[in-house]
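Peer 1: So here's target.cif (mmCIF, C-alpha atoms).
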```
data_coords
#
loop_
_atom_site.group_PDB
_atom_site.id
_atom_site.type_symbol
_atom_site.label_atom_id
_atom_site.label_comp_id
_atom_site.auth_asym_id
_atom_site.auth_seq_id
_atom_site.Cartn_x
_atom_site.Cartn_y
_atom_site.Cartn_z
ATOM 1 C CA MET A 1 -36.275 -19.780 -32.261
ATOM 2 C CA PRO A 2 -32.983 -19.786 -30.365
ATOM 3 C CA LYS A 3 -31.420 -16.501 -29.322
ATOM 4 C CA GLY A 4 -27.777 -15.557 -29.105
ATOM 5 C CA ARG A 5 -26.051 -15.925 -25.770
ATOM 6 C CA GLU A 6 -26.655 -13.014 -23.384
ATOM 7 C CA SER A 7 -28.619 -11.151 -26.031
ATOM 8 C CA GLY A 8 -30.601 -8.880 -23.687
ATOM 9 C CA MET A 9 -30.771 -5.191 -24.625
ATOM 10 C CA PRO A 10 -30.997 -2.104 -22.401
ATOM 11 C CA GLU A 11 -33.482 0.677 -23.108
ATOM 12 C CA ALA A 12 -33.065 2.341 -26.506
ATOM 13 C CA ALA A 13 -32.093 5.707 -25.035
ATOM 14 C CA MET A 14 -29.331 4.148 -22.949
ATOM 15 C CA TRP A 15 -28.100 2.003 -25.830
ATOM 16 C CA SER A 16 -27.620 5.019 -28.068
ATOM 17 C CA THR A 17 -25.324 6.682 -25.531
ATOM 18 C CA PHE A 18 -22.672 3.999 -26.007
ATOM 19 C CA PHE A 19 -21.929 5.009 -29.605
ATOM 20 C CA ASN A 20 -21.168 7.922 -31.875
ATOM 21 C CA ILE A 21 -22.935 6.206 -34.733
ATOM 22 C CA GLU A 22 -21.905 8.534 -37.547
ATOM 23 C CA ALA A 23 -18.252 8.613 -36.531
ATOM 24 C CA ALA A 24 -18.166 4.837 -36.136
ATOM 25 C CA LEU A 25 -19.689 4.169 -39.542
ATOM 26 C CA ASN A 26 -17.302 6.622 -41.168
ATOM 27 C CA GLN A 27 -14.381 4.760 -39.636
ATOM 28 C CA LEU A 28 -15.912 1.443 -40.670
ATOM 29 C CA ASP A 29 -16.007 2.506 -44.346
ATOM 30 C CA CYS A 30 -19.796 2.808 -44.549
ATOM 31 C CA ARG A 31 -19.823 5.610 -47.110
ATOM 32 C CA ASP A 32 -21.759 5.671 -50.391
ATOM 33 C CA VAL A 33 -22.445 1.961 -50.074
ATOM 34 C CA ALA A 34 -24.997 0.199 -52.249
ATOM 35 C CA ASN A 35 -26.750 -2.859 -50.791
ATOM 36 C CA VAL A 36 -26.186 -3.439 -47.078
ATOM 37 C CA VAL A 37 -26.976 -6.450 -44.886
ATOM 38 C CA GLU A 38 -27.167 -6.107 -41.099
ATOM 39 C CA PHE A 39 -26.957 -9.107 -38.795
ATOM 40 C CA GLY A 40 -28.943 -8.233 -35.672
ATOM 41 C CA CYS A 41 -30.375 -4.727 -36.042
ATOM 42 C CA GLY A 42 -31.452 -4.252 -32.429
ATOM 43 C CA TYR A 43 -33.076 -0.829 -32.040
ATOM 44 C CA GLY A 44 -32.035 0.133 -35.549
ATOM 45 C CA HIS A 45 -29.657 2.957 -34.668
ATOM 46 C CA PHE A 46 -27.112 1.752 -37.211
ATOM 47 C CA THR A 47 -29.838 0.624 -39.628
ATOM 48 C CA VAL A 48 -31.167 4.159 -39.951
ATOM 49 C CA SER A 49 -27.742 5.673 -40.517
ATOM 50 C CA ALA A 50 -26.816 2.969 -43.037
ATOM 51 C CA ALA A 51 -30.079 3.580 -44.911
ATOM 52 C CA ARG A 52 -29.215 7.282 -45.201
ATOM 53 C CA ARG A 53 -25.801 6.366 -46.585
ATOM 54 C CA SER A 54 -26.926 3.566 -48.894
ATOM 55 C CA THR A 55 -27.419 4.107 -52.611
ATOM 56 C CA GLY A 56 -29.255 0.779 -52.763
ATOM 57 C CA ARG A 57 -31.165 -1.124 -50.099
ATOM 58 C CA VAL A 58 -30.521 -2.144 -46.513
ATOM 59 C CA PHE A 59 -31.559 -5.650 -45.475
ATOM 60 C CA ALA A 60 -31.698 -5.775 -41.677
ATOM 61 C CA PHE A 61 -32.443 -8.883 -39.643
ATOM 62 C CA ASP A 62 -33.220 -9.575 -35.999
ATOM 63 C CA ILE A 63 -34.668 -12.552 -34.165
ATOM 64 C CA GLU A 64 -36.670 -10.367 -31.777
ATOM 65 C CA PRO A 65 -40.049 -9.137 -33.099
ATOM 66 C CA GLU A 66 -39.916 -6.131 -30.761
ATOM 67 C CA MET A 67 -36.611 -4.999 -32.251
ATOM 68 C CA VAL A 68 -37.910 -5.466 -35.784
ATOM 69 C CA GLU A 69 -41.014 -3.383 -35.110
ATOM 70 C CA PHE A 70 -39.042 -0.665 -33.302
ATOM 71 C CA THR A 71 -36.611 -0.390 -36.211
ATOM 72 C CA ARG A 72 -39.409 -0.288 -38.784
ATOM 73 C CA GLN A 73 -41.118 2.518 -36.903
ATOM 74 C CA THR A 74 -37.901 4.513 -36.597
ATOM 75 C CA LEU A 75 -37.217 4.184 -40.315
ATOM 76 C CA ALA A 76 -40.772 5.293 -41.105
ATOM 77 C CA GLU A 77 -40.478 8.310 -38.805
ATOM 78 C CA ASP A 78 -37.308 9.297 -40.634
ATOM 79 C CA GLY A 79 -38.995 8.877 -44.013
ATOM 80 C CA LEU A 80 -36.567 6.168 -45.105
ATOM 81 C CA THR A 81 -38.029 3.666 -47.560
ATOM 82 C CA ASN A 82 -34.907 1.844 -48.761
ATOM 83 C CA ALA A 83 -34.608 -0.554 -45.806
ATOM 84 C CA VAL A 84 -36.271 -3.950 -45.380
ATOM 85 C CA VAL A 85 -36.357 -5.195 -41.778
ATOM 86 C CA SER A 86 -37.157 -8.865 -41.231
ATOM 87 C CA GLN A 87 -37.647 -11.094 -38.229
ATOM 88 C CA ARG A 88 -35.481 -14.098 -38.998
ATOM 89 C CA ASP A 89 -33.194 -16.584 -37.309
ATOM 90 C CA PHE A 90 -30.324 -16.163 -39.752
ATOM 91 C CA MET A 91 -28.203 -18.556 -37.707
ATOM 92 C CA VAL A 92 -30.572 -21.373 -38.672
ATOM 93 C CA ASP A 93 -32.174 -20.184 -41.898
ATOM 94 C CA GLY A 94 -29.597 -17.781 -43.310
ATOM 95 C CA THR A 95 -30.687 -14.397 -44.603
ATOM 96 C CA GLY A 96 -32.507 -15.600 -47.692
ATOM 97 C CA LEU A 97 -30.511 -13.132 -49.786
ATOM 98 C CA LEU A 98 -28.895 -14.117 -53.060
ATOM 99 C CA GLU A 99 -25.218 -14.964 -53.201
ATOM 100 C CA GLY A 100 -23.219 -11.801 -53.895
ATOM 101 C CA GLN A 101 -26.249 -9.550 -53.399
ATOM 102 C CA ALA A 102 -24.676 -7.199 -50.852
ATOM 103 C CA ASP A 103 -21.787 -4.755 -50.986
ATOM 104 C CA TYR A 104 -21.426 -4.141 -47.247
ATOM 105 C CA ALA A 105 -22.284 -6.170 -44.147
ATOM 106 C CA MET A 106 -22.572 -5.143 -40.497
ATOM 107 C CA ALA A 107 -22.023 -7.549 -37.599
ATOM 108 C CA PHE A 108 -22.117 -5.359 -34.510
ATOM 109 C CA ASN A 109 -22.002 -6.677 -30.927
ATOM 110 C CA ILE A 110 -23.029 -10.144 -32.040
ATOM 111 C CA LEU A 111 -19.991 -12.388 -32.498
ATOM 112 C CA HIS A 112 -20.224 -13.703 -28.939
ATOM 113 C CA ILE A 113 -22.837 -16.109 -30.296
ATOM 114 C CA GLU A 114 -22.114 -19.819 -29.961
ATOM 115 C CA GLU A 115 -21.292 -20.358 -33.637
ATOM 116 C CA PRO A 116 -19.781 -17.161 -35.043
ATOM 117 C CA HIS A 117 -18.468 -19.035 -38.068
ATOM 118 C CA VAL A 118 -22.061 -19.654 -39.231
ATOM 119 C CA LEU A 119 -22.773 -15.924 -39.322
ATOM 120 C CA LEU A 120 -19.440 -15.125 -40.968
ATOM 121 C CA GLN A 121 -19.950 -17.746 -43.661
ATOM 122 C CA GLU A 122 -23.377 -16.296 -44.434
ATOM 123 C CA ALA A 123 -21.820 -12.835 -44.616
ATOM 124 C CA ALA A 124 -19.222 -14.165 -47.054
ATOM 125 C CA ARG A 125 -21.943 -15.810 -49.130
ATOM 126 C CA VAL A 126 -24.133 -12.732 -49.519
ATOM 127 C CA LEU A 127 -21.276 -10.288 -50.129
ATOM 128 C CA LYS A 128 -19.930 -9.806 -53.627
ATOM 129 C CA PRO A 129 -16.191 -10.399 -54.108
ATOM 130 C CA GLY A 130 -14.425 -7.365 -52.680
ATOM 131 C CA GLY A 131 -17.459 -6.455 -50.569
ATOM 132 C CA LYS A 132 -16.761 -5.229 -47.057
ATOM 133 C CA LEU A 133 -17.615 -6.718 -43.678
ATOM 134 C CA ALA A 134 -17.632 -4.387 -40.670
ATOM 135 C CA VAL A 135 -17.366 -5.948 -37.217
ATOM 136 C CA MET A 136 -17.818 -4.070 -33.961
ATOM 137 C CA HIS A 137 -17.760 -5.437 -30.436
ATOM 138 C CA TRP A 138 -17.334 -4.506 -26.807
ATOM 139 C CA LYS A 139 -13.742 -4.304 -25.659
ATOM 140 C CA PHE A 140 -12.446 -7.208 -23.608
ATOM 141 C CA ASP A 141 -12.582 -5.143 -20.428
ATOM 142 C CA GLU A 142 -14.616 -5.802 -17.293
ATOM 143 C CA ARG A 143 -15.168 -2.037 -16.890
ATOM 144 C CA THR A 144 -17.465 -1.776 -19.920
ATOM 145 C CA PRO A 145 -20.952 -0.591 -18.905
ATOM 146 C CA ARG A 146 -22.675 -3.364 -20.882
ATOM 147 C CA GLY A 147 -21.700 -6.302 -23.035
ATOM 148 C CA PRO A 148 -21.600 -10.084 -22.638
ATOM 149 C CA SER A 149 -19.605 -11.683 -19.851
ATOM 150 C CA LEU A 150 -15.882 -11.876 -20.484
ATOM 151 C CA SER A 151 -16.086 -15.671 -20.575
ATOM 152 C CA ILE A 152 -17.819 -15.490 -23.962
ATOM 153 C CA ARG A 153 -16.760 -12.022 -25.162
ATOM 154 C CA PRO A 154 -14.448 -12.309 -28.190
ATOM 155 C CA THR A 155 -11.350 -10.231 -28.676
ATOM 156 C CA LEU A 156 -10.516 -8.300 -31.820
ATOM 157 C CA GLU A 157 -7.844 -10.874 -32.640
ATOM 158 C CA GLN A 158 -10.302 -13.768 -32.317
ATOM 159 C CA CYS A 159 -12.855 -12.098 -34.573
ATOM 160 C CA ARG A 160 -10.200 -11.322 -37.146
ATOM 161 C CA ALA A 161 -9.077 -14.967 -37.164
ATOM 162 C CA TRP A 162 -12.646 -16.224 -37.502
ATOM 163 C CA ALA A 163 -13.352 -13.828 -40.366
ATOM 164 C CA GLU A 164 -10.168 -14.715 -42.202
ATOM 165 C CA ALA A 165 -11.047 -18.417 -41.895
ATOM 166 C CA ALA A 166 -14.413 -17.604 -43.490
ATOM 167 C CA GLY A 167 -12.751 -15.996 -46.523
ATOM 168 C CA PHE A 168 -12.137 -12.378 -45.535
ATOM 169 C CA GLU A 169 -8.988 -10.249 -45.712
ATOM 170 C CA LEU A 170 -8.238 -7.545 -43.140
ATOM 171 C CA LEU A 171 -8.312 -3.939 -44.326
ATOM 172 C CA HIS A 172 -7.977 -2.102 -41.017
ATOM 173 C CA SER A 173 -8.882 -2.330 -37.351
ATOM 174 C CA GLY A 174 -8.688 -0.469 -34.050
ATOM 175 C CA ASP A 175 -10.591 1.580 -31.492
ATOM 176 C CA LEU A 176 -13.590 3.500 -32.775
ATOM 177 C CA ALA A 177 -13.888 7.277 -32.523
ATOM 178 C CA GLY A 178 -16.689 8.295 -30.202
ATOM 179 C CA CYS A 179 -17.190 4.714 -29.026
ATOM 180 C CA PRO A 180 -14.899 4.379 -25.990
ATOM 181 C CA TRP A 181 -16.054 0.871 -25.166
ATOM 182 C CA HIS A 182 -15.781 -0.632 -28.640
ATOM 183 C CA TRP A 183 -13.288 -1.704 -31.281
ATOM 184 C CA GLY A 184 -13.905 -2.207 -34.984
ATOM 185 C CA LEU A 185 -12.686 -4.341 -37.866
ATOM 186 C CA VAL A 186 -13.131 -3.815 -41.592
ATOM 187 C CA LEU A 187 -12.445 -6.775 -43.856
ATOM 188 C CA LYS A 188 -13.119 -7.502 -47.495
ATOM 189 C CA ARG A 189 -14.533 -10.617 -49.051
ATOM 190 C CA SER A 190 -11.844 -12.497 -50.914
ATOM 191 C CA LYS A 191 -12.263 -12.522 -54.674
ATOM 192 C CA LYS A 192 -11.669 -16.236 -54.628
ATOM 193 C CA GLU A 193 -14.635 -18.519 -55.197
ATOM 194 C CA PHE A 194 -16.681 -18.757 -51.995
ATOM 195 C CA ARG A 195 -16.723 -22.097 -50.265
ATOM 196 C CA HIS A 196 -18.162 -23.119 -46.930
ATOM 197 C CA ALA A 197 -15.406 -23.778 -44.423
ATOM 198 C CA SER A 198 -15.513 -25.018 -40.843
ATOM 199 C CA LEU A 199 -13.711 -23.099 -38.145
ATOM 200 C CA HIS A 200 -13.467 -26.130 -35.881
#
```
Could you write out this file's structure as structure tokens?
Peer 2:
Amino acid sequence: MPKGRESGMPEAAMWSTFFNIEAALNQLDCRDVANVVEFGCGYGHFTVSAARRSTGRVFAFDIEPEMVEFTRQTLAEDGLTNAVVSQRDFMVDGTGLLEGQADYAMAFNILHIEEPHVLLQEAARVLKPGGKLAVMHWKFDERTPRGPSLSIRPTLEQCRAWAEAAGFELLHSGDLAGCPWHWGLVLKRSKKEFRHASLH
């Protein structure tokens, strides 16, 4: 299965130092959410926090079997049973979720992939009208300690434009508290009928 461009991950302990997870999710409106979908769970740091906050279920996906197993183990250690973690190439096969099944979607550090519109259209499909999409990414700054090369790293403005073309409306955006190297976007799924749209 194909992987996203420059999708390598550092060690879990190092990765967690780049974020204040609770502060970021608060700012990204992840409070008392019902069903959540996560595109690319990685080590599951945000998966675990979202599962604690969810009043429904968390559906987390990653293409890497090692990341899936790590996240499952972390959830089990925390006694969380409301998250389903699946190995899946959602860029090719979608998530397999029903249309309108989710209330909140997370796309963190992933929109440098070659076809971001495919992911955003799937997010629009699985979110109910008015559901929220949270986007986080590395700042467009060569001083960041990690992140994809600047040649493929999207800016906040680019991600906003891509999301709006996929049927989302901006709610708020900006730097994230406790995450000095990241910015965030929160958008809502338009209440208009969902239709696939090309960003080309």
Peer 1: Would you work out the distance separating CA of Ala105 in chain A from CA of Phe70 in chain A, expressed in Å to one decimal?
Peer 2: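 CA of Phe70 in chain A lies 20.7 Å from CA of Ala105 in chain A.
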Peer 1: CA of Arg160 in chain A and CA of Glu142 in chain A are how many Å apart?
Peer 2: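 A separation of 21.1 Å between them.
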Peer 1: Let me make sure I understand: among A:Ala24, A:Leu127, A:Ala177, A:Ala60, which one has the smallest atom-to-atom distance to Ser190 in chain A if we use all atoms listed in the file?
Peer 2: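 Smallest separation from Ser190 in chain A among the options: A:Leu127.
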Peer 1: Give me, as a list in words, all polymer residues having an atom no more than 8 Å from Asn109 in chain A, counting only C-alpha atoms and skipping those fewer than 6 positions away in the same chain.
Peer 2: Val135, Met136, His137, Trp138 and Gly147 of chain A
Peer 1: Which distance in Å separates CA of Glu122 in chain A and CA of Val37 in chain A, to one decimal?
Peer 2: 10.5 Å
Peer 1: Nearest to Lys132 in chain A among A:Gly56, A:Gly42, A:Gly100, A:Gly94, with distances taken over all atoms listed in the file: which residue is it?
Peer 2: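 Once distances to Lys132 in chain A are computed over all atoms listed in the file, the minimum belongs to A:Gly100.
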Peer 1: Applying the PyMOL selection byres ((chain A and resi 129) around 6) to the file I just gave you, which residues come out? Please list them as a PDB file with C-alpha atoms, in the frame of the given file.
Peer 2:
```
ATOM      1  CA  LYS A 128     -19.930  -9.806 -53.627  1.00  0.00           C
ATOM      2  CA  GLY A 130     -14.425  -7.365 -52.680  1.00  0.00           C
ATOM      3  CA  GLY A 131     -17.459  -6.455 -50.569  1.00  0.00           C
ATOM      4  CA  ARG A 189     -14.533 -10.617 -49.051  1.00  0.00           C
ATOM      5  CA  SER A 190     -11.844 -12.497 -50.914  1.00  0.00           C
ATOM      6  CA  LYS A 191     -12.263 -12.522 -54.674  1.00  0.00           C
TER       7      LYS A 191
END
```
Peer 1: Would you mind telling me which residue in A:Arg31, A:His172, A:Arg88, A:His112 lies nearest to Leu187 in chain A when using only C-alpha atoms?
Peer 2: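 Closest to Leu187 in chain A, using only C-alpha atoms: A:His172.
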Peer 1: Given all atoms listed in the file as the basis, pick out the residue of A:His182, A:Glu69, A:Ala166, A:Ala161 nearest to Asp141 in chain A.
Peer 2: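 Among A:His182, A:Glu69, A:Ala166, A:Ala161, it is A:His182 that comes nearest to Asp141 in chain A.
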Peer 1: Once the PyMOL selection byres ((chain A and resi 178) around 7) is applied to the coordinates I shared, what remains selected? I want it as a list in words.
Peer 2: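 So the PyMOL selection byres ((chain A and resi 178) around 7), applied here, picks out Phe19, Asn20, Ala23, Leu176, Ala177, Cys179 and Pro180 of chain A.
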Peer 1: Take the PyMOL selection byres ((chain A and resi 99) around 9), run it mentally on this structure, and tell me the resulting residues as a ChimeraX atom specification.
Peer 2: /A:97-98,100-102,124-128
Peer 1: Residues near Thr47 in chain A, anyone? I mean within 8 Å using only C-alpha atoms, not counting same-chain ones fewer than 4 positions away, as a ChimeraX atom specification.
Peer 2: /A:38,41,51,58,60,71,83
Peer 1: Given the choices A:Pro116, A:Gly174, A:Gly96, A:Gly167, which gets closest to Arg153 in chain A if the distance is worked out from all atoms listed in the file?
Peer 2: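 For Arg153 in chain A, the nearest of the candidates is A:Pro116.
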Peer 1: Which of these residues is nearest to Gln73 in chain A, using all atoms listed in the file: A:Trp162, A:Trp183, A:Tyr43, A:Tyr104?
Peer 2: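 For Gln73 in chain A, the nearest of the given residues is A:Tyr43.
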Peer 1: Starting from 5 Å padding per side, set up an axis-aligned box that covers all listed atoms of range 150-168 of chain A and hand over centre and edge lengths in Å, one decimal, as JSON.
Peer 2:
```
{"center_x": -12.8, "center_y": -13.4, "center_z": -33.5, "size_x": 20.0, "size_y": 20.1, "size_z": 36.0}
```
